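K.L.:
As input, take coords_16.cif (mmCIF, C-alpha atoms and all ligand atoms):
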```cif
data_target
loop_
_atom_site.label_atom_id
_atom_site.label_comp_id
_atom_site.auth_asym_id
_atom_site.auth_seq_id
_atom_site.Cartn_x
_atom_site.Cartn_y
_atom_site.Cartn_z
CA MET A 1 15.67 -8.47 -25.41
CA ASP A 2 14.53 -9.35 -28.91
CA LEU A 3 11.61 -11.83 -28.88
CA ILE A 4 13.17 -14.20 -31.40
CA GLU A 5 16.40 -14.22 -29.41
CA ALA A 6 14.43 -15.01 -26.22
CA ILE A 7 12.57 -17.85 -27.96
CA LYS A 8 15.83 -19.33 -29.22
CA GLU A 9 17.71 -18.98 -25.94
CA ARG A 10 15.06 -20.00 -23.39
CA ARG A 11 15.37 -23.34 -21.72
CA SER A 12 13.87 -24.97 -18.67
CA ILE A 13 16.10 -24.21 -15.70
CA ARG A 14 16.59 -27.00 -13.16
CA ALA A 15 19.04 -25.40 -10.71
CA PHE A 16 18.43 -22.03 -9.08
CA LYS A 17 20.26 -19.66 -6.78
CA PRO A 18 18.35 -19.21 -3.50
CA ASP A 19 18.35 -15.38 -3.81
CA PRO A 20 14.78 -14.08 -3.38
CA ILE A 21 13.10 -12.34 -6.32
CA PRO A 22 11.61 -8.95 -5.40
CA ARG A 23 7.81 -8.90 -5.54
CA GLU A 24 7.92 -5.98 -8.05
CA LYS A 25 9.93 -8.12 -10.47
CA ILE A 26 7.41 -10.96 -10.21
CA GLU A 27 4.62 -8.42 -10.73
CA ASP A 28 6.37 -7.15 -13.87
CA ILE A 29 6.63 -10.71 -15.21
CA LEU A 30 2.97 -11.42 -14.48
CA ASN A 31 1.82 -8.08 -15.92
CA LEU A 32 3.56 -8.93 -19.20
CA SER A 33 2.36 -12.54 -19.15
CA LEU A 34 -1.28 -11.60 -18.78
CA LEU A 35 -1.07 -9.78 -22.12
CA ALA A 36 -1.42 -13.29 -23.59
CA PRO A 37 -4.46 -13.84 -25.79
CA SER A 38 -7.43 -15.79 -24.44
CA ALA A 39 -10.78 -16.85 -25.85
CA ILE A 40 -13.29 -13.96 -25.62
CA ASN A 41 -10.59 -12.24 -23.54
CA LEU A 42 -11.84 -14.24 -20.55
CA GLN A 43 -8.33 -14.27 -19.05
CA PRO A 44 -9.30 -17.45 -17.19
CA TRP A 45 -5.96 -17.83 -15.40
CA GLU A 46 -5.52 -17.21 -11.67
CA PHE A 47 -2.03 -17.02 -10.21
CA ILE A 48 -0.82 -17.97 -6.75
CA VAL A 49 2.73 -16.85 -5.98
CA VAL A 50 4.48 -18.77 -3.21
CA SER A 51 7.88 -17.72 -1.85
CA GLY A 52 10.00 -17.57 1.30
CA GLU A 53 9.25 -19.95 4.17
CA GLU A 54 5.86 -20.87 2.63
CA LYS A 55 7.62 -22.12 -0.50
CA GLU A 56 9.98 -24.22 1.65
CA ARG A 57 6.96 -25.63 3.52
CA LEU A 58 5.25 -26.44 0.20
CA SER A 59 8.40 -28.22 -1.05
CA ARG A 60 8.65 -30.27 2.16
CA SER A 61 5.01 -31.30 1.90
CA LEU A 62 5.42 -32.29 -1.78
CA ILE A 63 8.57 -34.30 -1.11
CA LYS A 64 6.76 -36.16 1.67
CA ALA A 65 3.81 -36.82 -0.66
CA TYR A 66 6.18 -37.98 -3.43
CA ARG A 67 7.94 -40.41 -1.10
CA GLU A 68 4.60 -41.82 0.08
CA LYS A 69 2.79 -42.03 -3.26
CA ASN A 70 5.75 -42.31 -5.62
CA ILE A 71 4.03 -40.70 -8.62
CA SER A 72 6.79 -39.70 -11.07
CA CYS A 73 7.06 -37.40 -14.09
CA SER A 74 5.34 -39.24 -16.95
CA PRO A 75 3.61 -38.43 -20.24
CA ASP A 76 0.27 -39.03 -18.41
CA THR A 77 -1.45 -40.66 -21.37
CA VAL A 78 -5.05 -41.80 -21.68
CA LYS A 79 -4.17 -44.54 -24.18
CA PRO A 80 -0.92 -46.04 -25.49
CA LEU A 81 1.33 -43.34 -26.88
CA PRO A 82 2.25 -43.52 -30.60
CA LYS A 83 5.91 -44.60 -30.71
CA MET A 84 7.04 -41.30 -32.27
CA PHE A 85 6.17 -39.34 -29.10
CA GLY A 86 7.64 -41.87 -26.67
CA LYS A 87 10.91 -41.72 -28.62
CA ARG A 88 11.10 -37.94 -28.18
CA GLY A 89 10.85 -38.21 -24.39
CA ALA A 90 13.46 -40.98 -24.29
CA LYS A 91 15.76 -38.95 -26.56
CA THR A 92 15.58 -35.95 -24.22
CA LEU A 93 16.33 -38.07 -21.15
CA GLY A 94 19.19 -39.72 -23.04
CA ALA A 95 20.66 -36.33 -23.94
CA MET A 96 20.48 -35.31 -20.26
CA LYS A 97 22.41 -38.38 -19.12
CA PRO A 98 25.96 -36.94 -19.39
CA PHE A 99 24.83 -33.98 -17.26
CA PHE A 100 23.46 -36.27 -14.54
CA LYS A 101 26.68 -38.29 -14.72
CA GLU A 102 28.75 -35.15 -14.20
CA MET A 103 26.59 -34.26 -11.18
CA GLU A 104 26.68 -37.87 -9.91
CA ALA A 105 22.90 -37.65 -9.71
CA ASP A 106 20.31 -40.36 -10.25
CA PRO A 107 18.13 -39.06 -13.15
CA GLY A 108 14.79 -40.21 -11.70
CA GLN A 109 15.54 -38.84 -8.26
CA PHE A 110 16.90 -35.57 -9.65
CA ILE A 111 13.84 -34.92 -11.83
CA ASN A 112 11.11 -36.15 -9.47
CA GLU A 113 12.43 -34.85 -6.15
CA GLY A 114 13.83 -31.79 -7.92
CA SER A 115 10.40 -31.02 -9.40
CA CYS A 116 8.75 -31.41 -5.98
CA GLN A 117 11.23 -28.88 -4.59
CA PHE A 118 10.97 -26.59 -7.63
CA TYR A 119 14.69 -27.21 -8.14
CA GLY A 120 15.49 -24.83 -5.29
CA ALA A 121 13.79 -21.83 -6.94
CA PRO A 122 12.97 -19.03 -4.49
CA ALA A 123 9.50 -18.51 -5.97
CA VAL A 124 6.76 -20.65 -7.46
CA ILE A 125 3.80 -19.50 -9.51
CA LEU A 126 0.78 -21.79 -9.55
CA ILE A 127 -1.65 -21.23 -12.41
CA CYS A 128 -5.21 -22.20 -11.56
CA LEU A 129 -8.43 -22.56 -13.54
CA ASP A 130 -11.93 -22.22 -12.13
CA ASP A 131 -13.85 -25.49 -12.53
CA SER A 132 -16.75 -23.70 -14.21
CA PHE A 133 -14.62 -23.55 -17.36
CA SER A 134 -14.44 -26.46 -19.80
CA LYS A 135 -11.15 -28.18 -20.60
CA ALA A 136 -11.01 -26.01 -23.73
CA ARG A 137 -9.73 -23.18 -21.52
CA LEU A 138 -6.57 -25.19 -20.79
CA THR A 139 -5.44 -23.79 -24.15
CA ASP A 140 -5.47 -20.30 -22.60
CA ILE A 141 -3.52 -21.53 -19.56
CA GLY A 142 -0.93 -23.01 -21.91
CA ILE A 143 -0.56 -19.71 -23.72
CA VAL A 144 -0.08 -17.71 -20.54
CA LEU A 145 2.45 -20.31 -19.38
CA GLY A 146 4.35 -19.84 -22.65
CA TYR A 147 4.39 -16.08 -22.18
CA LEU A 148 5.49 -16.45 -18.56
CA VAL A 149 8.53 -18.61 -19.26
CA LEU A 150 9.62 -16.37 -22.13
CA VAL A 151 9.19 -13.15 -20.15
CA ALA A 152 11.09 -14.66 -17.21
CA HIS A 153 13.98 -15.41 -19.57
CA ALA A 154 13.81 -11.98 -21.21
CA VAL A 155 14.15 -10.23 -17.83
CA GLY A 156 17.19 -12.34 -16.94
CA LEU A 157 15.55 -14.98 -14.76
CA GLY A 158 15.05 -18.68 -15.30
CA ALA A 159 11.88 -20.74 -15.15
CA CYS A 160 10.75 -24.34 -15.35
CA PRO A 161 7.15 -25.42 -15.80
CA ILE A 162 6.47 -28.10 -13.17
CA GLY A 163 3.50 -30.33 -14.00
CA LEU A 164 4.45 -33.19 -11.68
CA ILE A 165 3.13 -31.44 -8.61
CA THR A 166 -0.44 -31.57 -9.93
CA ALA A 167 -0.30 -35.28 -9.01
CA TYR A 168 -0.17 -34.02 -5.43
CA GLU A 169 -2.92 -31.44 -5.81
CA GLU A 170 -4.63 -32.51 -2.56
CA GLU A 171 -1.54 -31.65 -0.51
CA ILE A 172 -1.11 -28.30 -2.33
CA ARG A 173 -4.77 -27.46 -1.83
CA ASP A 174 -4.57 -28.22 1.91
CA MET A 175 -1.39 -26.26 2.43
CA LEU A 176 -2.38 -23.16 0.47
CA ASN A 177 -6.11 -23.23 1.28
CA ILE A 178 -7.06 -23.42 -2.39
CA PRO A 179 -10.84 -23.76 -2.76
CA ALA A 180 -12.19 -27.00 -4.25
CA ASN A 181 -13.50 -25.16 -7.34
CA LYS A 182 -10.01 -24.05 -8.43
CA GLU A 183 -7.91 -26.55 -10.38
CA VAL A 184 -4.15 -26.25 -10.09
CA VAL A 185 -3.21 -26.73 -13.75
CA ILE A 186 0.53 -26.09 -13.72
CA SER A 187 3.24 -24.51 -11.63
CA VAL A 188 6.35 -22.60 -12.62
CA ALA A 189 9.61 -22.53 -10.68
CA LEU A 190 11.08 -19.03 -10.95
CA GLY A 191 14.45 -17.63 -9.94
CA SER A 192 17.99 -16.81 -10.98
CA PRO A 193 19.59 -19.72 -12.84
CA ASP A 194 22.50 -21.37 -11.06
CA TRP A 195 24.97 -21.49 -13.94
CA THR A 196 27.50 -23.40 -11.81
CA SER A 197 25.25 -26.46 -12.01
CA PRO A 198 25.99 -28.56 -15.12
CA ILE A 199 22.27 -29.20 -15.80
CA THR A 200 21.67 -25.48 -16.39
CA SER A 201 23.71 -25.76 -19.61
CA PHE A 202 21.46 -28.51 -20.95
CA LYS A 203 19.48 -27.44 -24.01
CA SER A 204 16.90 -29.86 -25.35
CA SER A 205 16.57 -30.47 -29.08
CA ARG A 206 13.55 -30.37 -31.36
CA GLU A 207 12.45 -32.68 -34.11
CA PRO A 208 12.62 -31.18 -37.61
CA LEU A 209 9.53 -29.38 -38.84
CA ASP A 210 8.87 -31.89 -41.61
CA LYS A 211 7.97 -34.49 -38.94
CA MET A 212 5.33 -32.18 -37.48
CA VAL A 213 3.69 -30.43 -40.37
CA LYS A 214 1.33 -31.39 -43.15
CA TRP A 215 0.89 -28.75 -45.83
CA VAL A 216 -2.53 -28.60 -47.43
CA GLU A 217 -2.46 -26.47 -50.60
C1 LIG B 1 3.13 -28.58 -19.13
C2 LIG B 1 4.58 -28.84 -18.78
C3 LIG B 1 4.88 -29.57 -17.65
C4 LIG B 1 6.22 -29.79 -17.30
N1 LIG B 1 6.53 -30.44 -16.14
C5 LIG B 1 7.81 -30.60 -15.77
C6 LIG B 1 8.12 -31.21 -14.51
O1 LIG B 1 7.25 -31.60 -13.73
N2 LIG B 1 9.44 -31.33 -14.19
C7 LIG B 1 10.44 -30.90 -15.02
O2 LIG B 1 11.61 -31.03 -14.66
N3 LIG B 1 10.17 -30.30 -16.21
C8 LIG B 1 8.88 -30.14 -16.59
N4 LIG B 1 8.58 -29.50 -17.78
C9 LIG B 1 9.67 -29.01 -18.63
C10 LIG B 1 9.83 -29.88 -19.88
O3 LIG B 1 10.48 -31.07 -19.53
C11 LIG B 1 10.65 -29.08 -20.92
O4 LIG B 1 9.88 -27.98 -21.33
C12 LIG B 1 10.99 -29.92 -22.16
O5 LIG B 1 11.86 -30.96 -21.83
C13 LIG B 1 11.64 -29.05 -23.25
O6 LIG B 1 12.79 -28.42 -22.72
P1 LIG B 1 12.97 -26.84 -22.68
O7 LIG B 1 11.84 -26.25 -21.86
O8 LIG B 1 14.31 -26.63 -21.99
O9 LIG B 1 12.95 -26.33 -24.06
C14 LIG B 1 7.27 -29.29 -18.14
C15 LIG B 1 6.93 -28.55 -19.28
C16 LIG B 1 5.62 -28.31 -19.59
C17 LIG B 1 5.29 -27.49 -20.82
#
```
When written as structure tokens, how does the structure in this file appear?

P.N.:
Amino acid sequence: MDLIEAIKERRSIRAFKPDPIPREKIEDILNLSLLAPSAINLQPWEFIVVSGEEKERLSRSLIKAYREKNISCSPDTVKPLPKMFGKRGAKTLGAMKPFFKEMEADPGQFINEGSCQFYGAPAVILICLDDSFSKARLTDIGIVLGYLVLVAHAVGLGACPIGLITAYEEEIRDMLNIPANKEVVISVALGSPDWTSPITSFKSSREPLDKMVKWVE
């Protein structure tokens, strides 16, 4: 698939078929993703792939943690968000509303519980960063994440980055025996999109470039 086509078509998938993804296919996706650039070619990312019964166990543990602690998807700000950004989030949720209505789903429950269950995806990829790196290396993790979701789309699968679960890092760490020096930065739900679910057709919009760019000439 043409790269520009993949960039234009890709979307976050929030309903998956349960069909397992062969390990070789996940390896192919990761092998392409790790061609991403990184500072000094440090390739600081570490992947943990969870599937099958272990993925179900992880989902159950996250749902339990979510119901106990009730931490939801949020912009996770360190100070009040400039209005412009808040509006973008609200606009996206607003545009999703008709889809939730069609599914008779509560938006908060669908997104939060759905995220904790990786929207039913058969595989999850956790991307970790060793704590000896500075936060600057989160840039590299973001790049490999971008590659991963695009490659997944290009090979006919669907993906959704899931940041919410990092709020429940303790539970993930316990369940998967992740050492204390590895930070779980982001996870990605991976599988075949369920196109029978209305939410799979949802495509988010973008603000026009002139709101995001300052030309210095
Ligand atoms: C770092 C990051 C964390 C995200 N976390 C979640 C999440 O926890 N749950 C979810 O449903 N979507 C999550 N998303 C998906 C975003 O909501 C999605 O990328 C955004 O709305 C734009 O839509 P698109 O990916 O379909 O273009 C996350 C995306 C990124 C990049």

K.L.:
For ligand LIG 1 (chain B), which residue out of A:Pro198, A:Pro80, A:Pro75, A:Pro22 is the nearest one, using only C-alpha atoms and all ligand atoms?

P.N.:
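Going through A:Pro198, A:Pro80, A:Pro75, A:Pro22 one by one, the smallest distance to ligand LIG 1 (chain B) is for A:Pro75.
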
K.L.:
What's the 12 Å shell around Arg11 of chain A, counting all atoms listed in the file, without same-chain residues fewer than 6 positions away, as a list in words?

P.N.:
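That gives Glu5, Gly146, Val149, Leu150, Ala152, His153, Ala154, Leu157, Gly158, Ala159, Cys160, Pro161, Pro193, Ile199, Thr200, Ser201, Phe202, Lys203, Ser204 and Ser205 of chain A.
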
K.L.:
Using all atoms listed in the file, which protein or nucleic acid residues are at most 8 Å from ligand LIG 1 (chain B), as a PyMOL selection string?

P.N.:
chain A and resi 10-14+73+89+92+111-112+114-116+142+145-146+160-165+186+202-205

K.L.:
Restricting the calculation to only C-alpha atoms, which member of A:Asp140, A:Asp28, A:Glu171, A:Glu207 is positioned closest to Leu62 of chain A?

P.N.:
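Of A:Asp140, A:Asp28, A:Glu171, A:Glu207, the one nearest Leu62 of chain A is A:Glu171, counting only C-alpha atoms.
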
K.L.:
Adding 3 Å on each side of the box along x, y and z that holds all listed atoms of segment 131-148 of chain A, could you give its centre and edge lengths in Å to one decimal, as JSON?

P.N.:
```
{"center_x": -5.6, "center_y": -22.1, "center_z": -18.3, "size_x": 28.2, "size_y": 18.1, "size_z": 17.6}
```

K.L.:
Quick check, in Å to one decimal: how far apart do atom CA of Glu170 of chain A and atom CA of Ser132 of chain A lie?

P.N.:
19.0 Å

K.L.:
Which of these, A:Leu58, A:Ala136, A:Leu148, A:Gly191, has the shortest distance to Asn177 of chain A once you count only C-alpha atoms?

P.N.:
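Of A:Leu58, A:Ala136, A:Leu148, A:Gly191, the one nearest Asn177 of chain A is A:Leu58, counting only C-alpha atoms.
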
K.L.:
As an exercise, work out the distance from atom CA of Ala121 of chain A to atom CA of Glu54 of chain A in Å and give it to one decimal place.

P.N.:
12.5 Å

K.L.:
For the atom pair atom CA of Gly156 of chain A and atom CA of Pro44 of chain A, what is the interatomic distance in Å to one decimal place?

P.N.:
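Between atom CA of Gly156 of chain A and atom CA of Pro44 of chain A the gap is 27.0 Å.
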
K.L.:
Taking 3 positions as the minimum chain separation for residues in the same chain, which residues sit within 9 Å of Ile29 of chain A when counting all atoms listed in the file? Answer as a count of residues only.

P.N.:
10

K.L.:
With distances taken over only C-alpha atoms, which residue among A:Val144, A:Thr196, A:Met1, A:Ala105 lies nearest Asn31 of chain A?

P.N.:
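Of A:Val144, A:Thr196, A:Met1, A:Ala105, the one nearest Asn31 of chain A is A:Val144, counting only C-alpha atoms.
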
K.L.:
Which one is closest to Asp19 of chain A: A:Val213, A:Ile172, A:Ser192, A:Gln109? Count all atoms listed in the file.

P.N.:
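Distance minimum relative to Asp19 of chain A lands on A:Ser192.
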
K.L.:
Which residue out of A:Lys8, A:Lys55, A:Arg60, A:Lys91 has the minimum interatomic distance to Pro20 of chain A when only C-alpha atoms are used?

P.N.:
A:Lys55
